[in-house]
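Next up, final_29.cif (mmCIF, C-alpha atoms):
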```cif
data_my_file
#
loop_
_atom_site.label_atom_id
_atom_site.label_comp_id
_atom_site.auth_asym_id
_atom_site.auth_seq_id
_atom_site.Cartn_x
_atom_site.Cartn_y
_atom_site.Cartn_z
CA MET F 1 139.67 -10.88 227.65
CA PRO F 2 140.13 -8.69 224.53
CA LEU F 3 143.54 -9.15 222.96
CA VAL F 4 144.36 -5.43 223.02
CA LEU F 5 143.68 -5.27 226.78
CA ALA F 6 145.74 -8.40 227.32
CA GLY F 7 148.65 -6.73 225.54
CA PHE F 8 148.46 -3.69 227.81
CA LEU F 9 148.38 -5.87 230.93
CA LEU F 10 151.53 -7.63 229.75
CA GLY F 11 153.24 -4.27 229.37
CA GLN F 12 153.19 -4.38 225.56
CA LYS F 13 151.87 -1.31 223.79
CA PRO F 14 150.26 -2.14 220.41
CA THR F 15 152.04 -0.62 217.42
CA LEU F 16 150.45 0.34 214.09
CA ILE F 17 152.38 -1.09 211.12
CA LEU F 18 151.34 -0.09 207.59
CA GLY F 19 150.22 -3.10 205.60
CA ASP F 20 148.33 -1.73 202.59
CA SER F 21 147.93 1.71 201.03
CA LEU F 22 145.86 2.94 198.08
CA GLU F 23 144.98 6.29 196.60
CA ILE F 24 141.44 6.46 195.19
CA ALA F 25 139.86 9.65 193.84
CA GLY F 26 142.05 11.85 196.02
CA PHE F 27 141.53 9.77 199.19
CA GLN F 28 144.25 7.78 200.93
CA VAL F 29 143.07 4.34 202.08
CA LYS F 30 145.47 2.76 204.56
CA VAL F 31 145.30 -0.58 206.38
CA TYR F 32 147.54 -1.05 209.43
CA SER F 33 148.37 -4.14 211.44
CA LEU F 34 148.00 -3.74 215.19
CA ALA F 35 151.05 -5.59 216.52
CA LEU F 36 152.67 -6.20 219.88
CA GLY F 37 156.06 -4.94 218.76
CA GLU F 38 157.70 -3.79 215.54
CA SER F 39 159.63 -6.87 214.45
CA ASP F 40 158.51 -9.23 211.69
CA GLU F 41 157.85 -11.88 214.38
CA ALA F 42 155.58 -9.63 216.49
CA ASP F 43 152.11 -10.98 217.25
CA VAL F 44 149.43 -9.28 215.16
CA ILE F 45 146.30 -8.83 217.25
CA GLY F 46 144.16 -6.92 214.79
CA THR F 47 143.99 -4.52 211.86
CA ARG F 48 142.65 -1.01 211.43
CA LEU F 49 141.58 0.89 208.31
CA PHE F 50 141.77 4.65 207.81
CA ILE F 51 140.40 6.84 205.02
CA ILE F 52 142.35 10.09 204.84
CA LYS F 53 142.12 13.24 202.74
CA GLY F 54 144.88 15.78 203.10
CA ALA F 55 145.71 16.04 206.79
CA ASP F 56 142.29 14.81 207.94
CA THR F 57 141.37 11.27 208.96
CA LEU F 58 137.77 11.00 207.78
CA LEU F 59 137.04 7.44 208.85
CA SER F 60 138.64 4.67 210.92
CA ILE F 61 137.23 1.18 211.38
CA GLY F 62 138.19 -1.94 213.30
CA ASP F 63 137.47 -2.94 216.90
CA ASP F 64 137.51 -5.89 219.33
CA GLU F 65 134.31 -7.36 217.84
CA TRP F 66 135.74 -7.24 214.30
CA PRO F 67 139.52 -7.22 214.93
CA PHE F 68 140.70 -8.26 211.47
CA LEU F 69 139.87 -6.65 208.14
CA PHE F 70 141.24 -6.35 204.63
CA LEU F 71 140.35 -4.63 201.38
CA ASP F 72 138.11 -6.59 199.05
CA LYS F 73 139.03 -7.02 195.38
CA ASP F 74 136.16 -4.70 194.38
CA THR F 75 137.67 -1.70 196.20
CA GLY F 76 137.85 1.17 193.70
CA GLU F 77 134.77 -0.05 191.80
CA ASP F 78 131.35 1.58 192.01
CA ILE F 79 129.36 -1.32 193.45
CA ASP F 80 126.29 0.72 194.45
CA GLY F 81 125.92 2.67 191.22
CA ASP F 82 126.10 6.18 192.70
CA GLY F 83 128.90 7.32 190.43
CA ASN F 84 131.61 7.26 193.12
CA PRO F 85 134.31 4.63 193.71
CA ASP F 86 133.82 2.52 196.81
CA VAL F 87 136.09 1.15 199.51
CA VAL F 88 134.94 -2.44 200.11
CA VAL F 89 136.12 -4.03 203.34
CA VAL F 90 135.91 -7.62 204.57
CA MET F 91 135.73 -7.76 208.38
CA ALA F 92 136.38 -10.91 210.39
CA GLY F 93 135.13 -11.61 213.91
CA GLU F 94 135.63 -14.63 216.12
CA ASP F 95 133.34 -16.92 214.15
CA ARG F 96 131.91 -14.92 211.26
CA ILE F 97 132.72 -12.61 208.37
CA LYS F 98 130.89 -9.59 207.00
CA LEU F 99 131.38 -7.02 204.27
CA VAL F 100 130.98 -3.26 204.53
CA ALA F 101 131.42 -0.59 201.85
CA TYR F 102 131.98 3.16 201.82
CA SER F 103 131.29 5.43 198.86
CA LEU F 104 134.01 8.05 198.33
CA ASP F 105 131.74 11.03 197.85
CA THR F 106 133.41 14.43 197.38
CA ALA F 107 132.02 15.43 200.80
CA GLY F 108 133.66 12.41 202.44
CA PRO F 109 133.16 8.65 202.77
CA LYS F 110 129.57 7.51 203.21
CA GLU F 111 128.59 4.00 204.26
CA VAL F 112 126.79 2.18 201.46
CA ARG F 113 123.33 1.16 202.63
CA PHE F 114 122.03 -1.92 200.86
CA SER F 115 118.29 -2.57 200.82
CA ILE F 116 118.38 -6.12 202.19
CA PRO F 117 116.19 -8.23 204.51
CA GLY F 118 116.49 -7.47 208.21
CA TRP F 119 117.91 -10.93 208.96
CA ALA F 120 120.77 -10.52 206.48
CA GLU F 121 124.38 -9.60 207.23
CA ILE F 122 126.47 -8.86 204.15
CA PHE F 123 129.13 -11.49 203.52
CA SER F 124 130.56 -10.75 200.06
CA TYR F 125 129.84 -9.32 196.62
CA GLU F 126 130.57 -11.71 193.77
CA ASP F 127 129.19 -13.60 190.79
CA VAL F 128 128.21 -17.07 192.02
CA ASN F 129 126.28 -18.40 189.02
CA GLY F 130 128.49 -17.30 186.13
CA ASP F 131 126.09 -14.81 184.53
CA GLU F 132 128.63 -11.96 184.91
CA VAL F 133 126.29 -10.07 187.23
CA PRO F 134 127.55 -9.96 190.84
CA GLU F 135 125.29 -11.17 193.61
CA LEU F 136 125.19 -9.90 197.16
CA LEU F 137 125.93 -12.85 199.42
CA VAL F 138 124.49 -12.47 202.92
CA ALA F 139 124.59 -14.55 206.08
CA ASP F 140 121.25 -15.56 207.61
CA THR F 141 121.61 -14.33 211.19
CA ARG F 142 118.37 -16.00 212.35
CA ILE F 143 120.08 -19.30 213.02
CA ARG F 144 123.27 -17.95 214.55
CA GLY F 145 123.72 -19.74 217.86
CA PHE F 146 120.38 -21.56 217.45
CA GLU F 147 119.69 -23.42 220.71
CA GLY F 148 123.34 -23.01 221.71
CA LEU F 149 124.58 -24.88 218.62
CA GLU F 150 127.60 -23.82 216.57
CA VAL F 151 125.64 -23.54 213.33
CA PRO F 152 127.79 -22.90 210.24
CA GLN F 153 127.08 -19.65 208.43
CA VAL F 154 124.28 -20.02 205.90
CA ILE F 155 125.21 -17.80 202.95
CA VAL F 156 122.29 -16.69 200.78
CA ALA F 157 122.47 -15.18 197.29
CA LEU F 158 120.50 -11.98 196.64
CA ARG F 159 119.94 -10.32 193.27
CA LYS F 160 119.36 -6.60 192.80
CA THR F 161 115.92 -5.68 191.45
CA ARG F 162 115.00 -2.67 189.33
CA GLY F 163 113.73 -0.93 192.44
CA GLY F 164 117.17 -1.20 194.05
CA TYR F 165 116.17 -3.88 196.55
CA TRP F 166 118.21 -7.04 196.96
CA GLU F 167 115.93 -10.09 196.94
CA GLU F 168 116.09 -13.87 196.72
CA PHE F 169 115.66 -15.63 193.37
CA PRO F 170 116.44 -19.24 194.35
CA GLU F 171 115.67 -20.65 190.91
CA ALA F 172 118.75 -18.82 189.57
CA TYR F 173 121.10 -20.38 192.13
CA ASN F 174 120.16 -24.06 192.21
CA ASP F 175 123.73 -25.26 191.54
CA TYR F 176 125.10 -22.94 194.24
CA TYR F 177 122.67 -24.20 196.88
CA THR F 178 122.99 -27.84 195.82
CA ALA F 179 126.76 -27.66 196.39
CA LYS F 180 126.15 -26.24 199.88
CA LEU F 181 123.73 -29.07 200.70
CA GLU F 182 126.11 -31.76 199.47
CA ALA F 183 128.97 -30.34 201.55
CA LEU F 184 126.83 -30.32 204.69
CA LEU F 185 125.61 -33.88 204.10
CA THR F 186 129.22 -35.04 203.80
CA LYS F 187 130.08 -33.37 207.11
CA MET F 188 127.06 -34.94 208.83
CA ARG F 189 128.01 -38.42 207.64
CA MET F 190 131.51 -38.03 209.05
CA GLU F 191 130.50 -36.36 212.33
CA ALA F 192 130.04 -38.45 215.49
CA ASN F 193 129.19 -35.58 217.86
CA PRO F 194 125.35 -35.33 218.07
CA PHE F 195 125.41 -31.59 218.82
CA LYS F 196 127.54 -30.85 215.77
CA LYS F 197 125.22 -33.02 213.69
CA ARG F 198 122.27 -30.91 214.85
CA ALA F 199 124.19 -27.76 213.97
CA TYR F 200 124.80 -29.09 210.45
CA ALA F 201 121.16 -30.19 210.20
CA THR F 202 120.04 -26.66 211.07
CA ALA F 203 122.20 -25.16 208.32
CA TYR F 204 121.11 -27.85 205.84
CA SER F 205 117.42 -27.20 206.46
CA ALA F 206 117.95 -23.42 206.30
CA TYR F 207 119.43 -23.79 202.81
CA LEU F 208 116.37 -25.81 201.73
CA PHE F 209 114.19 -23.04 203.15
CA HIS F 210 116.06 -20.47 201.06
CA MET F 211 115.61 -22.65 197.97
CA GLY F 212 111.85 -22.25 198.41
CA LYS F 213 111.47 -25.88 199.57
CA THR F 214 109.78 -25.03 202.86
CA GLN F 215 108.03 -28.33 203.58
CA GLU F 216 111.12 -30.30 202.62
CA ALA F 217 113.13 -28.10 205.00
CA TRP F 218 110.82 -29.03 207.90
CA ASP F 219 110.79 -32.72 206.95
CA GLU F 220 114.57 -32.95 206.62
CA PHE F 221 115.13 -31.09 209.87
CA LEU F 222 112.88 -33.56 211.67
CA ARG F 223 114.61 -36.53 210.03
CA LEU F 224 118.12 -35.28 210.70
CA THR F 225 117.36 -34.44 214.35
CA GLU F 226 115.85 -37.91 214.88
CA GLY F 227 112.27 -36.71 215.23
CA ASP F 228 112.78 -33.83 217.68
CA GLU F 229 109.40 -32.08 217.30
CA THR F 230 110.18 -29.45 219.94
CA LEU F 231 113.38 -28.43 218.19
CA LEU F 232 111.52 -28.31 214.87
CA MET F 233 108.96 -25.89 216.29
CA LYS F 234 111.74 -23.63 217.53
CA PHE F 235 113.42 -23.78 214.13
CA LYS F 236 110.15 -22.87 212.38
CA GLU F 237 109.69 -19.96 214.77
CA ARG F 238 113.16 -18.66 213.96
CA MET F 239 112.66 -18.86 210.22
CA LEU F 240 109.06 -17.67 209.97
CA PHE F 241 108.47 -15.28 212.86
CA TRP F 242 111.88 -13.76 213.47
CA GLU F 243 111.97 -10.04 214.18
CA GLU F 244 115.05 -7.85 214.07
CA LYS F 245 116.09 -6.95 217.60
#
```

For this file, write the structure as structure tokens.
Amino acid sequence: MPLVLAGFLLGQKPTLILGDSLEIAGFQVKVYSLALGESDEADVIGTRLFIIKGADTLLSIGDDEWPFLFLDKDTGEDIDGDGNPDVVVVMAGEDRIKLVAYSLDTAGPKEVRFSIPGWAEIFSYEDVNGDEVPELLVADTRIRGFEGLEVPQVIVALRKTRGGYWEEFPEAYNDYYTAKLEALLTKMRMEANPFKKRAYATAYSAYLFHMGKTQEAWDEFLRLTEGDETLLMKFKERMLFWEEK
């Protein structure tokens, strides 16, 4: 049951409490906590963000699917290069995180559309390899819930090309991906639950796939799932023949 509905059924009306407020290029950006009461001890069941100009609310975001959100450190910067400052928002759902951005155009806020692969869901915008050029980090949605497993998010680094598209350049992020692989191997060694081990194996092999090591990804998946050929075929299908629904 959604938390907001649960609050209504208990006779508690959610209250908006101001948590953050910025003024950017003549726009007011306000983040409110959605709380069951007004005291400091009140349960916070979500957050909502509003972009306001004058007396008009131009945009509001936040819902039951993405109940919690906060302003990213790059808010106020021009991350898409259109000459306008952007509001960058990190949104959190039950088991995943994504990033959205809105350009503060004089006509009103416009959602920033990134040219990214159809399987990608934006996770963050940051420099992961120390070259002082931010990457777009995206989650690979193809393996989300693969075969009913709780697969950890696989976060892929994309670099912006001259044409404005965000693409993979795995050779530039070897240290980043190697750290991800090592962390997953450590979790697998310590995990006794076979289903969780398969979930980690799926994420591990997906990272190898994104490193351009396709055959190694298949081989490691088969090894880590104790030779499950059927599961390997399903994994290959997800990675190679996935279509955006």

Legend entry - F:Tyr125 environment, 9 Å, all atoms listed in the file, sequence neighbours closer than 6 positions dropped, as a PyMOL selection string: chain F and resi 74+79+99+134-138

Legend entry - For F:Gly26, the nearest of the candidates F:Glu94, F:Thr161, F:Ile122, F:Gly108, counting all atoms listed in the file: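 Among the listed residues, F:Gly108 lies closest to F:Gly26.
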
Inset, instruction - Could you tell me how far atom CA of F:Leu71 lies from atom CA of F:Glu168, in Å and to one decimal? - result: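 Going from atom CA of F:Leu71 over to atom CA of F:Glu168 covers 26.4 Å.
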
For the structure shown, which residues end up in the PyMOL selection byres ((chain F and resi 67) around 8)? Put them as a short mmCIF file (atom, residue, chain, number, x, y, z; two decimals) with C-alpha atoms, keeping the file's coordinate frame, please?
```cif
data_model
loop_
_atom_site.label_atom_id
_atom_site.label_comp_id
_atom_site.auth_asym_id
_atom_site.auth_seq_id
_atom_site.Cartn_x
_atom_site.Cartn_y
_atom_site.Cartn_z
CA ILE F 45 146.30 -8.83 217.25
CA GLY F 46 144.16 -6.92 214.79
CA THR F 47 143.99 -4.52 211.86
CA ARG F 48 142.65 -1.01 211.43
CA GLY F 62 138.19 -1.94 213.30
CA ASP F 63 137.47 -2.94 216.90
CA ASP F 64 137.51 -5.89 219.33
CA GLU F 65 134.31 -7.36 217.84
CA TRP F 66 135.74 -7.24 214.30
CA PHE F 68 140.70 -8.26 211.47
CA LEU F 69 139.87 -6.65 208.14
CA MET F 91 135.73 -7.76 208.38
CA ALA F 92 136.38 -10.91 210.39
CA GLY F 93 135.13 -11.61 213.91
#
```

Legend entry - Pick from F:Ile155, F:Leu49, F:Leu208, F:Ala107, whichever lies nearest to F:Val90 using only C-alpha atoms: F:Leu49

Find the residues around F:Ala179 up to 12 Å (all atoms listed in the file counted), leave out those fewer than 3 positions away in its own chain, and share them as a PDB file with C-alpha atoms, keeping the file's coordinate frame.
```pdb
ATOM      1  CA  VAL F 128     128.210 -17.070 192.020  1.00  0.00           C
ATOM      2  CA  ASN F 129     126.280 -18.400 189.020  1.00  0.00           C
ATOM      3  CA  ILE F 155     125.210 -17.800 202.950  1.00  0.00           C
ATOM      4  CA  TYR F 173     121.100 -20.380 192.130  1.00  0.00           C
ATOM      5  CA  ASN F 174     120.160 -24.060 192.210  1.00  0.00           C
ATOM      6  CA  ASP F 175     123.730 -25.260 191.540  1.00  0.00           C
ATOM      7  CA  TYR F 176     125.100 -22.940 194.240  1.00  0.00           C
ATOM      8  CA  GLU F 182     126.110 -31.760 199.470  1.00  0.00           C
ATOM      9  CA  ALA F 183     128.970 -30.340 201.550  1.00  0.00           C
ATOM     10  CA  LEU F 184     126.830 -30.320 204.690  1.00  0.00           C
ATOM     11  CA  LEU F 185     125.610 -33.880 204.100  1.00  0.00           C
ATOM     12  CA  THR F 186     129.220 -35.040 203.800  1.00  0.00           C
ATOM     13  CA  TYR F 204     121.110 -27.850 205.840  1.00  0.00           C
ATOM     14  CA  TYR F 207     119.430 -23.790 202.810  1.00  0.00           C
ATOM     15  CA  LEU F 208     116.370 -25.810 201.730  1.00  0.00           C
TER      16      LEU F 208
END
```

Legend entry - Selection result for the PyMOL selection byres ((chain F and resi 113) around 12) on this file, as a VMD selection string: chain F and resid 79 to 82 99 to 103 110 to 112 114 to 117 121 to 122 164 to 166

Inset, instruction - Translate the PyMOL selection byres ((chain F and resi 231) around 10), as applied to the file shown, into an explicit residue set as number ranges by chain. - result: F: 146-147, 198, 202, 221-222, 225, 227-230, 232-237

Could the residues in this selection be saved with C-alpha atoms as a compact mmCIF listing (two decimals), in the frame of the given file?
```txt
# COMPACT_ATOMS: atom_id res chain seq x y z
CA PHE F 146 120.38 -21.56 217.45
CA GLU F 147 119.69 -23.42 220.71
CA ARG F 198 122.27 -30.91 214.85
CA THR F 202 120.04 -26.66 211.07
CA PHE F 221 115.13 -31.09 209.87
CA LEU F 222 112.88 -33.56 211.67
CA THR F 225 117.36 -34.44 214.35
CA GLY F 227 112.27 -36.71 215.23
CA ASP F 228 112.78 -33.83 217.68
CA GLU F 229 109.40 -32.08 217.30
CA THR F 230 110.18 -29.45 219.94
CA LEU F 232 111.52 -28.31 214.87
CA MET F 233 108.96 -25.89 216.29
CA LYS F 234 111.74 -23.63 217.53
CA PHE F 235 113.42 -23.78 214.13
CA LYS F 236 110.15 -22.87 212.38
CA GLU F 237 109.69 -19.96 214.77
```

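Residue nearest F:Tyr32 within the list F:Gly118, F:Gly212, F:Gly145, F:Gly19: F:Gly19 [criterion: smallest interatomic distance, all atoms listed in the file].
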
Inset, instruction - Just the residues within 8 Å of F:Glu77, please, counting all atoms listed in the file, with nothing from its chain fewer than 5 positions along; format it as a list of chain:residue names. - result: F:Pro85, F:Asp86, F:Val87

Legend entry - Residue neighbourhood F:Lys30, 9 Å, all atoms listed in the file, exclusion window fewer than 6 positions, as a list in words: Leu18, Gly19, Asp20, Ser21, Leu22, Glu23, Arg48, Leu49, Phe50, Ile51 and Ile52 of chain F

Inset, instruction - Tell me, in Å to one decimal, how far atom CA of F:Glu150 is from atom CA of F:Phe209. - result: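 Pair atom CA of F:Glu150 / atom CA of F:Phe209 returns 19.0 Å.
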
Inset, instruction - May I have the protein, DNA and RNA residues with any atom at most 8 Å from the point (151.3, -1.1, 210.5), counting all atoms listed in the file, written as a PyMOL selection string? - result: chain F and resi 15-19+31-35

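As for atom CA of F:Arg189 and atom CA of F:Trp119, they are spaced 29.3 Å apart.
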
Inset, instruction - Would you please work out which residue, of F:Trp218, F:Glu126, F:Pro14, F:Arg144, is nearest to F:Asp43 when using only C-alpha atoms? - result: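 For F:Asp43, the nearest of the given residues is F:Pro14.
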
Please report, as lines of an AutoDock Vina configuration file, the centre and edge lengths in Å to one decimal of an axis-aligned box covering all listed atoms of stretch 178-185 of chain F with 6 Å per side.
```
center_x = 126.0
center_y = -30.1
center_z = 200.3
size_x = 18.0
size_y = 19.6
size_z = 20.9
```

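Closest to F:Thr106 among F:Ala157, F:Leu36, F:Met188, F:Ile24 is F:Ile24, based on all atoms listed in the file.
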
Place N, CA, C and O atoms on stretch 54-70 of chain F and deliver the coordinates as a short mmCIF file (atom, residue, chain, number, x, y, z; two decimals), keeping the file's coordinate frame.
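That gives us selection_39.cif:
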```cif
data_model
loop_
_atom_site.label_atom_id
_atom_site.label_comp_id
_atom_site.auth_asym_id
_atom_site.auth_seq_id
_atom_site.Cartn_x
_atom_site.Cartn_y
_atom_site.Cartn_z
N GLY F 54 144.01 14.71 202.61
CA GLY F 54 144.88 15.78 203.10
C GLY F 54 145.43 15.41 204.46
O GLY F 54 146.00 14.34 204.65
N ALA F 55 145.22 16.30 205.43
CA ALA F 55 145.71 16.04 206.79
C ALA F 55 144.62 15.49 207.69
O ALA F 55 144.85 15.28 208.89
N ASP F 56 143.43 15.22 207.13
CA ASP F 56 142.29 14.81 207.94
C ASP F 56 141.99 13.32 207.81
O ASP F 56 141.91 12.79 206.69
N THR F 57 141.85 12.65 208.95
CA THR F 57 141.37 11.27 208.96
C THR F 57 139.85 11.32 209.01
O THR F 57 139.24 11.75 209.99
N LEU F 58 139.22 10.88 207.92
CA LEU F 58 137.77 11.00 207.78
C LEU F 58 137.03 9.79 208.33
O LEU F 58 135.85 9.90 208.70
N LEU F 59 137.70 8.66 208.39
CA LEU F 59 137.04 7.44 208.85
C LEU F 59 138.09 6.46 209.35
O LEU F 59 139.15 6.31 208.74
N SER F 60 137.80 5.78 210.45
CA SER F 60 138.64 4.67 210.92
C SER F 60 137.72 3.55 211.35
O SER F 60 136.69 3.80 212.00
N ILE F 61 138.04 2.33 210.99
CA ILE F 61 137.23 1.18 211.38
C ILE F 61 138.12 0.04 211.86
O ILE F 61 139.29 -0.06 211.50
N GLY F 62 137.49 -0.83 212.68
CA GLY F 62 138.19 -1.94 213.30
C GLY F 62 138.05 -1.85 214.80
O GLY F 62 138.27 -0.78 215.39
N ASP F 63 137.64 -2.94 215.45
CA ASP F 63 137.47 -2.94 216.90
C ASP F 63 137.61 -4.36 217.43
O ASP F 63 137.94 -5.29 216.68
N ASP F 64 137.34 -4.56 218.73
CA ASP F 64 137.51 -5.89 219.33
C ASP F 64 136.50 -6.90 218.79
O ASP F 64 136.78 -8.10 218.74
N GLU F 65 135.30 -6.43 218.39
CA GLU F 65 134.31 -7.36 217.84
C GLU F 65 134.72 -7.83 216.45
O GLU F 65 134.53 -8.99 216.08
N TRP F 66 135.28 -6.92 215.65
CA TRP F 66 135.74 -7.24 214.30
C TRP F 66 137.22 -6.85 214.20
O TRP F 66 137.58 -5.84 213.60
N PRO F 67 138.11 -7.64 214.81
CA PRO F 67 139.52 -7.22 214.93
C PRO F 67 140.31 -7.27 213.63
O PRO F 67 141.30 -6.55 213.49
N PHE F 68 139.90 -8.12 212.69
CA PHE F 68 140.70 -8.26 211.47
C PHE F 68 139.89 -7.83 210.26
O PHE F 68 138.72 -8.15 210.13
N LEU F 69 140.53 -7.11 209.35
CA LEU F 69 139.87 -6.65 208.14
C LEU F 69 140.88 -6.51 207.02
O LEU F 69 142.09 -6.39 207.25
N PHE F 70 140.38 -6.56 205.79
CA PHE F 70 141.24 -6.35 204.63
C PHE F 70 140.39 -5.82 203.48
O PHE F 70 139.17 -5.95 203.47
#
```
